[in-house]
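Shown here: entry07.pdb, PDB, N, CA and C atoms, pLDDT in the B column.
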```pdb
ATOM      1  N   MET A 128      22.234  15.426 -12.233  1.00 49.00           N
ATOM      2  CA  MET A 128      22.022  14.460 -11.175  1.00 49.00           C
ATOM      3  C   MET A 128      21.679  15.212  -9.888  1.00 49.00           C
ATOM      4  N   THR A 129      20.565  14.833  -9.263  1.00 52.00           N
ATOM      5  CA  THR A 129      20.139  15.524  -8.051  1.00 52.00           C
ATOM      6  C   THR A 129      20.561  14.751  -6.815  1.00 52.00           C
ATOM      7  N   LYS A 130      20.813  15.488  -5.754  1.00 64.00           N
ATOM      8  CA  LYS A 130      21.192  14.873  -4.488  1.00 64.00           C
ATOM      9  C   LYS A 130      19.931  14.433  -3.751  1.00 64.00           C
ATOM     10  N   LYS A 131      19.940  13.231  -3.223  1.00 71.00           N
ATOM     11  CA  LYS A 131      18.804  12.715  -2.480  1.00 71.00           C
ATOM     12  C   LYS A 131      18.686  13.486  -1.178  1.00 71.00           C
ATOM     13  N   SER A 132      17.521  14.043  -0.899  1.00 87.00           N
ATOM     14  CA  SER A 132      17.340  14.889   0.274  1.00 87.00           C
ATOM     15  C   SER A 132      16.601  14.179   1.406  1.00 87.00           C
ATOM     16  N   TYR A 133      16.550  12.854   1.350  1.00 93.00           N
ATOM     17  CA  TYR A 133      15.878  12.086   2.395  1.00 93.00           C
ATOM     18  C   TYR A 133      16.566  10.735   2.546  1.00 93.00           C
ATOM     19  N   ILE A 134      16.237  10.049   3.646  1.00 96.00           N
ATOM     20  CA  ILE A 134      16.679   8.671   3.802  1.00 96.00           C
ATOM     21  C   ILE A 134      15.457   7.818   4.095  1.00 96.00           C
ATOM     22  N   GLU A 135      15.524   6.555   3.723  1.00 97.00           N
ATOM     23  CA  GLU A 135      14.476   5.593   4.048  1.00 97.00           C
ATOM     24  C   GLU A 135      15.068   4.578   5.007  1.00 97.00           C
ATOM     25  N   VAL A 136      14.325   4.306   6.090  1.00 98.00           N
ATOM     26  CA  VAL A 136      14.816   3.446   7.160  1.00 98.00           C
ATOM     27  C   VAL A 136      13.737   2.435   7.519  1.00 98.00           C
ATOM     28  N   GLU A 137      14.170   1.207   7.833  1.00 97.00           N
ATOM     29  CA  GLU A 137      13.246   0.169   8.302  1.00 97.00           C
ATOM     30  C   GLU A 137      13.553  -0.167   9.750  1.00 97.00           C
ATOM     31  N   GLY A 138      12.542  -0.620  10.479  1.00 95.00           N
ATOM     32  CA  GLY A 138      12.717  -1.058  11.855  1.00 95.00           C
ATOM     33  C   GLY A 138      11.589  -1.996  12.236  1.00 95.00           C
ATOM     34  N   SER A 139      11.718  -2.614  13.405  1.00 91.00           N
ATOM     35  CA  SER A 139      10.676  -3.543  13.837  1.00 91.00           C
ATOM     36  C   SER A 139       9.396  -2.799  14.227  1.00 91.00           C
ATOM     37  N   SER A 140       9.500  -1.475  14.430  1.00 93.00           N
ATOM     38  CA  SER A 140       8.335  -0.624  14.663  1.00 93.00           C
ATOM     39  C   SER A 140       8.630   0.735  14.036  1.00 93.00           C
ATOM     40  N   VAL A 141       7.602   1.558  13.901  1.00 96.00           N
ATOM     41  CA  VAL A 141       7.791   2.899  13.351  1.00 96.00           C
ATOM     42  C   VAL A 141       8.722   3.684  14.269  1.00 96.00           C
ATOM     43  N   GLU A 142       8.500   3.591  15.582  1.00 96.00           N
ATOM     44  CA  GLU A 142       9.323   4.345  16.535  1.00 96.00           C
ATOM     45  C   GLU A 142      10.792   3.930  16.454  1.00 96.00           C
ATOM     46  N   GLU A 143      11.060   2.632  16.317  1.00 97.00           N
ATOM     47  CA  GLU A 143      12.449   2.170  16.184  1.00 97.00           C
ATOM     48  C   GLU A 143      13.081   2.722  14.910  1.00 97.00           C
ATOM     49  N   ALA A 144      12.329   2.733  13.820  1.00 97.00           N
ATOM     50  CA  ALA A 144      12.844   3.267  12.560  1.00 97.00           C
ATOM     51  C   ALA A 144      13.148   4.762  12.686  1.00 97.00           C
ATOM     52  N   ILE A 145      12.292   5.500  13.390  1.00 97.00           N
ATOM     53  CA  ILE A 145      12.518   6.931  13.603  1.00 97.00           C
ATOM     54  C   ILE A 145      13.801   7.142  14.390  1.00 97.00           C
ATOM     55  N   GLN A 146      13.993   6.371  15.446  1.00 97.00           N
ATOM     56  CA  GLN A 146      15.202   6.523  16.257  1.00 97.00           C
ATOM     57  C   GLN A 146      16.465   6.231  15.437  1.00 97.00           C
ATOM     58  N   LYS A 147      16.408   5.197  14.594  1.00 97.00           N
ATOM     59  CA  LYS A 147      17.549   4.884  13.729  1.00 97.00           C
ATOM     60  C   LYS A 147      17.853   6.052  12.788  1.00 97.00           C
ATOM     61  N   ALA A 148      16.804   6.625  12.195  1.00 97.00           N
ATOM     62  CA  ALA A 148      16.987   7.728  11.253  1.00 97.00           C
ATOM     63  C   ALA A 148      17.589   8.951  11.947  1.00 97.00           C
ATOM     64  N   LEU A 149      17.125   9.257  13.150  1.00 97.00           N
ATOM     65  CA  LEU A 149      17.649  10.410  13.881  1.00 97.00           C
ATOM     66  C   LEU A 149      19.125  10.229  14.206  1.00 97.00           C
ATOM     67  N   GLN A 150      19.525   8.996  14.522  1.00 97.00           N
ATOM     68  CA  GLN A 150      20.933   8.715  14.796  1.00 97.00           C
ATOM     69  C   GLN A 150      21.776   8.891  13.538  1.00 97.00           C
ATOM     70  N   VAL A 151      21.271   8.426  12.407  1.00 95.00           N
ATOM     71  CA  VAL A 151      22.010   8.537  11.148  1.00 95.00           C
ATOM     72  C   VAL A 151      22.158  10.001  10.743  1.00 95.00           C
ATOM     73  N   LEU A 152      21.067  10.756  10.844  1.00 94.00           N
ATOM     74  CA  LEU A 152      21.080  12.155  10.426  1.00 94.00           C
ATOM     75  C   LEU A 152      21.715  13.075  11.470  1.00 94.00           C
ATOM     76  N   LYS A 153      21.823  12.585  12.696  1.00 95.00           N
ATOM     77  CA  LYS A 153      22.352  13.395  13.806  1.00 95.00           C
ATOM     78  C   LYS A 153      21.538  14.678  13.979  1.00 95.00           C
ATOM     79  N   LEU A 154      20.222  14.526  13.943  1.00 95.00           N
ATOM     80  CA  LEU A 154      19.305  15.653  14.099  1.00 95.00           C
ATOM     81  C   LEU A 154      18.259  15.322  15.152  1.00 95.00           C
ATOM     82  N   PRO A 155      17.739  16.339  15.856  1.00 95.00           N
ATOM     83  CA  PRO A 155      16.631  16.099  16.787  1.00 95.00           C
ATOM     84  C   PRO A 155      15.323  15.901  16.020  1.00 95.00           C
ATOM     85  N   ARG A 156      14.352  15.319  16.677  1.00 96.00           N
ATOM     86  CA  ARG A 156      13.093  14.984  16.015  1.00 96.00           C
ATOM     87  C   ARG A 156      12.363  16.217  15.484  1.00 96.00           C
ATOM     88  N   ASN A 157      12.518  17.363  16.154  1.00 96.00           N
ATOM     89  CA  ASN A 157      11.806  18.567  15.705  1.00 96.00           C
ATOM     90  C   ASN A 157      12.459  19.226  14.490  1.00 96.00           C
ATOM     91  N   LYS A 158      13.539  18.646  13.980  1.00 95.00           N
ATOM     92  CA  LYS A 158      14.222  19.195  12.800  1.00 95.00           C
ATOM     93  C   LYS A 158      14.054  18.305  11.575  1.00 95.00           C
ATOM     94  N   VAL A 159      13.173  17.310  11.657  1.00 96.00           N
ATOM     95  CA  VAL A 159      12.969  16.406  10.525  1.00 96.00           C
ATOM     96  C   VAL A 159      11.488  16.254  10.204  1.00 96.00           C
ATOM     97  N   LYS A 160      11.222  15.876   8.960  1.00 97.00           N
ATOM     98  CA  LYS A 160       9.872  15.526   8.507  1.00 97.00           C
ATOM     99  C   LYS A 160       9.846  14.011   8.364  1.00 97.00           C
ATOM    100  N   ILE A 161       8.850  13.370   8.964  1.00 97.00           N
ATOM    101  CA  ILE A 161       8.751  11.905   8.953  1.00 97.00           C
ATOM    102  C   ILE A 161       7.510  11.489   8.180  1.00 97.00           C
ATOM    103  N   GLU A 162       7.719  10.616   7.209  1.00 98.00           N
ATOM    104  CA  GLU A 162       6.618  10.070   6.412  1.00 98.00           C
ATOM    105  C   GLU A 162       6.620   8.554   6.586  1.00 98.00           C
ATOM    106  N   VAL A 163       5.518   8.006   7.085  1.00 98.00           N
ATOM    107  CA  VAL A 163       5.420   6.555   7.278  1.00 98.00           C
ATOM    108  C   VAL A 163       5.027   5.918   5.946  1.00 98.00           C
ATOM    109  N   LEU A 164       5.909   5.068   5.429  1.00 98.00           N
ATOM    110  CA  LEU A 164       5.649   4.400   4.156  1.00 98.00           C
ATOM    111  C   LEU A 164       4.925   3.077   4.363  1.00 98.00           C
ATOM    112  N   ALA A 165       5.247   2.388   5.468  1.00 96.00           N
ATOM    113  CA  ALA A 165       4.597   1.113   5.772  1.00 96.00           C
ATOM    114  C   ALA A 165       4.662   0.860   7.266  1.00 96.00           C
ATOM    115  N   GLU A 166       3.541   0.488   7.853  1.00 94.00           N
ATOM    116  CA  GLU A 166       3.494   0.083   9.259  1.00 94.00           C
ATOM    117  C   GLU A 166       4.050  -1.335   9.358  1.00 94.00           C
ATOM    118  N   GLU A 167       4.591  -1.662  10.531  1.00 91.00           N
ATOM    119  CA  GLU A 167       5.055  -3.037  10.726  1.00 91.00           C
ATOM    120  C   GLU A 167       3.855  -3.982  10.745  1.00 91.00           C
ATOM    121  N   GLU A 168       4.085  -5.218  10.353  1.00 88.00           N
ATOM    122  CA  GLU A 168       3.035  -6.237  10.389  1.00 88.00           C
ATOM    123  C   GLU A 168       3.510  -7.387  11.250  1.00 88.00           C
ATOM    124  N   LYS A 169       2.639  -7.828  12.122  1.00 80.00           N
ATOM    125  CA  LYS A 169       2.971  -8.947  13.003  1.00 80.00           C
ATOM    126  C   LYS A 169       2.821 -10.257  12.247  1.00 80.00           C
ATOM    127  N   GLY A 170       3.602 -11.234  12.646  1.00 75.00           N
ATOM    128  CA  GLY A 170       3.543 -12.545  12.030  1.00 75.00           C
ATOM    129  C   GLY A 170       2.466 -13.414  12.662  1.00 75.00           C
ATOM    130  N   LEU A 171       2.528 -14.659  12.379  1.00 76.00           N
ATOM    131  CA  LEU A 171       1.594 -15.641  12.913  1.00 76.00           C
ATOM    132  C   LEU A 171       1.624 -15.623  14.433  1.00 76.00           C
ATOM    133  N   PHE A 172       0.464 -15.624  15.079  1.00 74.00           N
ATOM    134  CA  PHE A 172       0.330 -15.611  16.537  1.00 74.00           C
ATOM    135  C   PHE A 172       0.929 -14.359  17.165  1.00 74.00           C
ATOM    136  N   GLY A 173       0.958 -13.251  16.406  1.00 65.00           N
ATOM    137  CA  GLY A 173       1.436 -11.986  16.940  1.00 65.00           C
ATOM    138  C   GLY A 173       2.946 -11.854  17.033  1.00 65.00           C
ATOM    139  N   MET A 174       3.674 -12.810  16.472  1.00 66.00           N
ATOM    140  CA  MET A 174       5.137 -12.735  16.513  1.00 66.00           C
ATOM    141  C   MET A 174       5.604 -11.607  15.599  1.00 66.00           C
ATOM    142  N   SER A 175       6.647 -10.919  16.031  1.00 58.00           N
ATOM    143  CA  SER A 175       7.137  -9.804  15.224  1.00 58.00           C
ATOM    144  C   SER A 175       7.966 -10.318  14.052  1.00 58.00           C
ATOM    145  N   GLY A 176       8.195  -9.437  13.115  1.00 57.00           N
ATOM    146  CA  GLY A 176       9.108  -9.764  12.031  1.00 57.00           C
ATOM    147  C   GLY A 176       8.478 -10.149  10.715  1.00 57.00           C
ATOM    148  N   ALA A 177       7.145 -10.162  10.625  1.00 80.00           N
ATOM    149  CA  ALA A 177       6.533 -10.521   9.351  1.00 80.00           C
ATOM    150  C   ALA A 177       6.879  -9.476   8.288  1.00 80.00           C
ATOM    151  N   LYS A 178       6.764  -8.211   8.657  1.00 91.00           N
ATOM    152  CA  LYS A 178       7.092  -7.132   7.721  1.00 91.00           C
ATOM    153  C   LYS A 178       7.519  -5.923   8.546  1.00 91.00           C
ATOM    154  N   PRO A 179       8.700  -5.382   8.282  1.00 93.00           N
ATOM    155  CA  PRO A 179       9.176  -4.245   9.081  1.00 93.00           C
ATOM    156  C   PRO A 179       8.448  -2.951   8.735  1.00 93.00           C
ATOM    157  N   ALA A 180       8.494  -2.005   9.658  1.00 95.00           N
ATOM    158  CA  ALA A 180       7.996  -0.659   9.386  1.00 95.00           C
ATOM    159  C   ALA A 180       9.011   0.044   8.492  1.00 95.00           C
ATOM    160  N   LYS A 181       8.545   0.935   7.640  1.00 97.00           N
ATOM    161  CA  LYS A 181       9.445   1.675   6.760  1.00 97.00           C
ATOM    162  C   LYS A 181       9.023   3.142   6.764  1.00 97.00           C
ATOM    163  N   ILE A 182      10.012   4.027   6.937  1.00 98.00           N
ATOM    164  CA  ILE A 182       9.736   5.454   6.961  1.00 98.00           C
ATOM    165  C   ILE A 182      10.683   6.191   6.029  1.00 98.00           C
ATOM    166  N   ARG A 183      10.293   7.397   5.660  1.00 98.00           N
ATOM    167  CA  ARG A 183      11.153   8.299   4.890  1.00 98.00           C
ATOM    168  C   ARG A 183      11.324   9.551   5.747  1.00 98.00           C
ATOM    169  N   VAL A 184      12.576   9.950   5.950  1.00 97.00           N
ATOM    170  CA  VAL A 184      12.877  11.090   6.816  1.00 97.00           C
ATOM    171  C   VAL A 184      13.713  12.104   6.047  1.00 97.00           C
ATOM    172  N   SER A 185      13.323  13.361   6.128  1.00 96.00           N
ATOM    173  CA  SER A 185      14.096  14.433   5.507  1.00 96.00           C
ATOM    174  C   SER A 185      14.255  15.570   6.504  1.00 96.00           C
ATOM    175  N   ALA A 186      15.362  16.293   6.410  1.00 92.00           N
ATOM    176  CA  ALA A 186      15.596  17.438   7.277  1.00 92.00           C
ATOM    177  C   ALA A 186      14.681  18.576   6.850  1.00 92.00           C
ATOM    178  N   THR A 187      14.124  19.293   7.836  1.00 89.00           N
ATOM    179  CA  THR A 187      13.290  20.446   7.513  1.00 89.00           C
ATOM    180  C   THR A 187      14.200  21.638   7.226  1.00 89.00           C
ATOM    181  N   GLN A 188      13.704  22.552   6.438  1.00 78.00           N
ATOM    182  CA  GLN A 188      14.479  23.741   6.071  1.00 78.00           C
ATOM    183  C   GLN A 188      14.184  24.849   7.068  1.00 78.00           C
ATOM    184  N   ASP A 189      15.204  25.371   7.740  1.00 63.00           N
ATOM    185  CA  ASP A 189      15.041  26.513   8.639  1.00 63.00           C
ATOM    186  C   ASP A 189      15.030  27.781   7.809  1.00 63.00           C
ATOM    187  N   LYS A 190      14.062  28.622   8.083  1.00 50.00           N
ATOM    188  CA  LYS A 190      13.962  29.877   7.319  1.00 50.00           C
ATOM    189  C   LYS A 190      14.201  31.043   8.230  1.00 50.00           C
TER     190      LYS A 190
END
```
Would you write out, as structure tokens, the structure that this file holds?
Amino acid sequence: MTKKSYIEVEGSSVEEAIQKALQVLKLPRNKVKIEVLAEEEKGLFGMSGAKPAKIRVSATQDK
């Protein structure tokens, strides 16, 4: 059984999801790799919440 080396986070925007992930991991932005899995989608008439942004964040390896 392998240990999961990343987390997946959703937010109302990509930036919000990144901030949530950094808080969970307790790491600065320059110590993580961020992969955008899905951009947020606006709802009818530009209202937010149709589909959240989703990212995958993993800690970078210091060598």
Report task. Give the answer as one residue: which of A:Val159, A:Leu171, A:Val141, A:Val151 has the shortest atom-to-atom distance to Ser185 of chain A, using all atoms listed in the file? Result ->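 Result for the nearest residue to Ser185 of chain A: A:Val159.
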Report task. Work out how far apart atom CA of Lys153 of chain A and atom CA of Ser140 of chain A are and give it in Å to one decimal. Result -> 19.8 Å
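The residues caught by the PyMOL selection byres (((chain A and resi 158 and name CA) around 6) and name CA) in this file are Pro155, Arg156, Asn157, Val159, Ala186 and Thr187 of chain A.
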Expected file contents, prior selection, N, CA and C atoms, as a tab-separated table (two decimals), in the frame of the given file:
```
chain	number	residue	atom	x	y	z
A	155	PRO	N	17.74	16.34	15.86
A	155	PRO	CA	16.63	16.10	16.79
A	155	PRO	C	15.32	15.90	16.02
A	156	ARG	N	14.35	15.32	16.68
A	156	ARG	CA	13.09	14.98	16.02
A	156	ARG	C	12.36	16.22	15.48
A	157	ASN	N	12.52	17.36	16.15
A	157	ASN	CA	11.81	18.57	15.70
A	157	ASN	C	12.46	19.23	14.49
A	159	VAL	N	13.17	17.31	11.66
A	159	VAL	CA	12.97	16.41	10.52
A	159	VAL	C	11.49	16.25	10.20
A	186	ALA	N	15.36	16.29	6.41
A	186	ALA	CA	15.60	17.44	7.28
A	186	ALA	C	14.68	18.58	6.85
A	187	THR	N	14.12	19.29	7.84
A	187	THR	CA	13.29	20.45	7.51
A	187	THR	C	14.20	21.64	7.23
```
Query raised in the report: Interatomic distance between atom C of Leu154 of chain A and atom CA of Glu166 of chain A?
Result: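 Atom-to-atom, atom C of Leu154 of chain A and atom CA of Glu166 of chain A are spaced 22.0 Å apart.
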Can you list every residue in chain A that DSSP puts in strand (DSSP E), as a CSV table (one decimal) with N, CA and C atoms, keeping the file's coordinate frame?
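states_15.csv, freshly written:
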```
chain,number,residue,atom,x,y,z
A,134,ILE,N,16.2,10.0,3.6
A,134,ILE,CA,16.7,8.7,3.8
A,134,ILE,C,15.5,7.8,4.1
A,135,GLU,N,15.5,6.6,3.7
A,135,GLU,CA,14.5,5.6,4.0
A,135,GLU,C,15.1,4.6,5.0
A,136,VAL,N,14.3,4.3,6.1
A,136,VAL,CA,14.8,3.4,7.2
A,136,VAL,C,13.7,2.4,7.5
A,137,GLU,N,14.2,1.2,7.8
A,137,GLU,CA,13.2,0.2,8.3
A,137,GLU,C,13.6,-0.2,9.8
A,138,GLY,N,12.5,-0.6,10.5
A,138,GLY,CA,12.7,-1.1,11.9
A,138,GLY,C,11.6,-2.0,12.2
A,159,VAL,N,13.2,17.3,11.7
A,159,VAL,CA,13.0,16.4,10.5
A,159,VAL,C,11.5,16.3,10.2
A,160,LYS,N,11.2,15.9,9.0
A,160,LYS,CA,9.9,15.5,8.5
A,160,LYS,C,9.8,14.0,8.4
A,161,ILE,N,8.8,13.4,9.0
A,161,ILE,CA,8.8,11.9,9.0
A,161,ILE,C,7.5,11.5,8.2
A,162,GLU,N,7.7,10.6,7.2
A,162,GLU,CA,6.6,10.1,6.4
A,162,GLU,C,6.6,8.6,6.6
A,163,VAL,N,5.5,8.0,7.1
A,163,VAL,CA,5.4,6.6,7.3
A,163,VAL,C,5.0,5.9,5.9
A,164,LEU,N,5.9,5.1,5.4
A,164,LEU,CA,5.6,4.4,4.2
A,164,LEU,C,4.9,3.1,4.4
A,165,ALA,N,5.2,2.4,5.5
A,165,ALA,CA,4.6,1.1,5.8
A,165,ALA,C,4.7,0.9,7.3
A,180,ALA,N,8.5,-2.0,9.7
A,180,ALA,CA,8.0,-0.7,9.4
A,180,ALA,C,9.0,0.0,8.5
A,181,LYS,N,8.5,0.9,7.6
A,181,LYS,CA,9.4,1.7,6.8
A,181,LYS,C,9.0,3.1,6.8
A,182,ILE,N,10.0,4.0,6.9
A,182,ILE,CA,9.7,5.5,7.0
A,182,ILE,C,10.7,6.2,6.0
A,183,ARG,N,10.3,7.4,5.7
A,183,ARG,CA,11.2,8.3,4.9
A,183,ARG,C,11.3,9.6,5.7
A,184,VAL,N,12.6,10.0,6.0
A,184,VAL,CA,12.9,11.1,6.8
A,184,VAL,C,13.7,12.1,6.0
A,185,SER,N,13.3,13.4,6.1
A,185,SER,CA,14.1,14.4,5.5
A,185,SER,C,14.3,15.6,6.5
A,186,ALA,N,15.4,16.3,6.4
A,186,ALA,CA,15.6,17.4,7.3
A,186,ALA,C,14.7,18.6,6.8
```
Query - Resolved residues for the PyMOL selection byres (((chain A and resi 144 and name CA) around 12) and name CA) as a VMD selection string - result: chain A and resid 134 to 143 145 to 151 161 to 167 179 to 184
Query raised in the report: How many Å separate atom N of Leu152 of chain A from atom CA of Gly170 of chain A?
Result: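 Calculated distance between atom N of Leu152 of chain A and atom CA of Gly170 of chain A is 29.2 Å.
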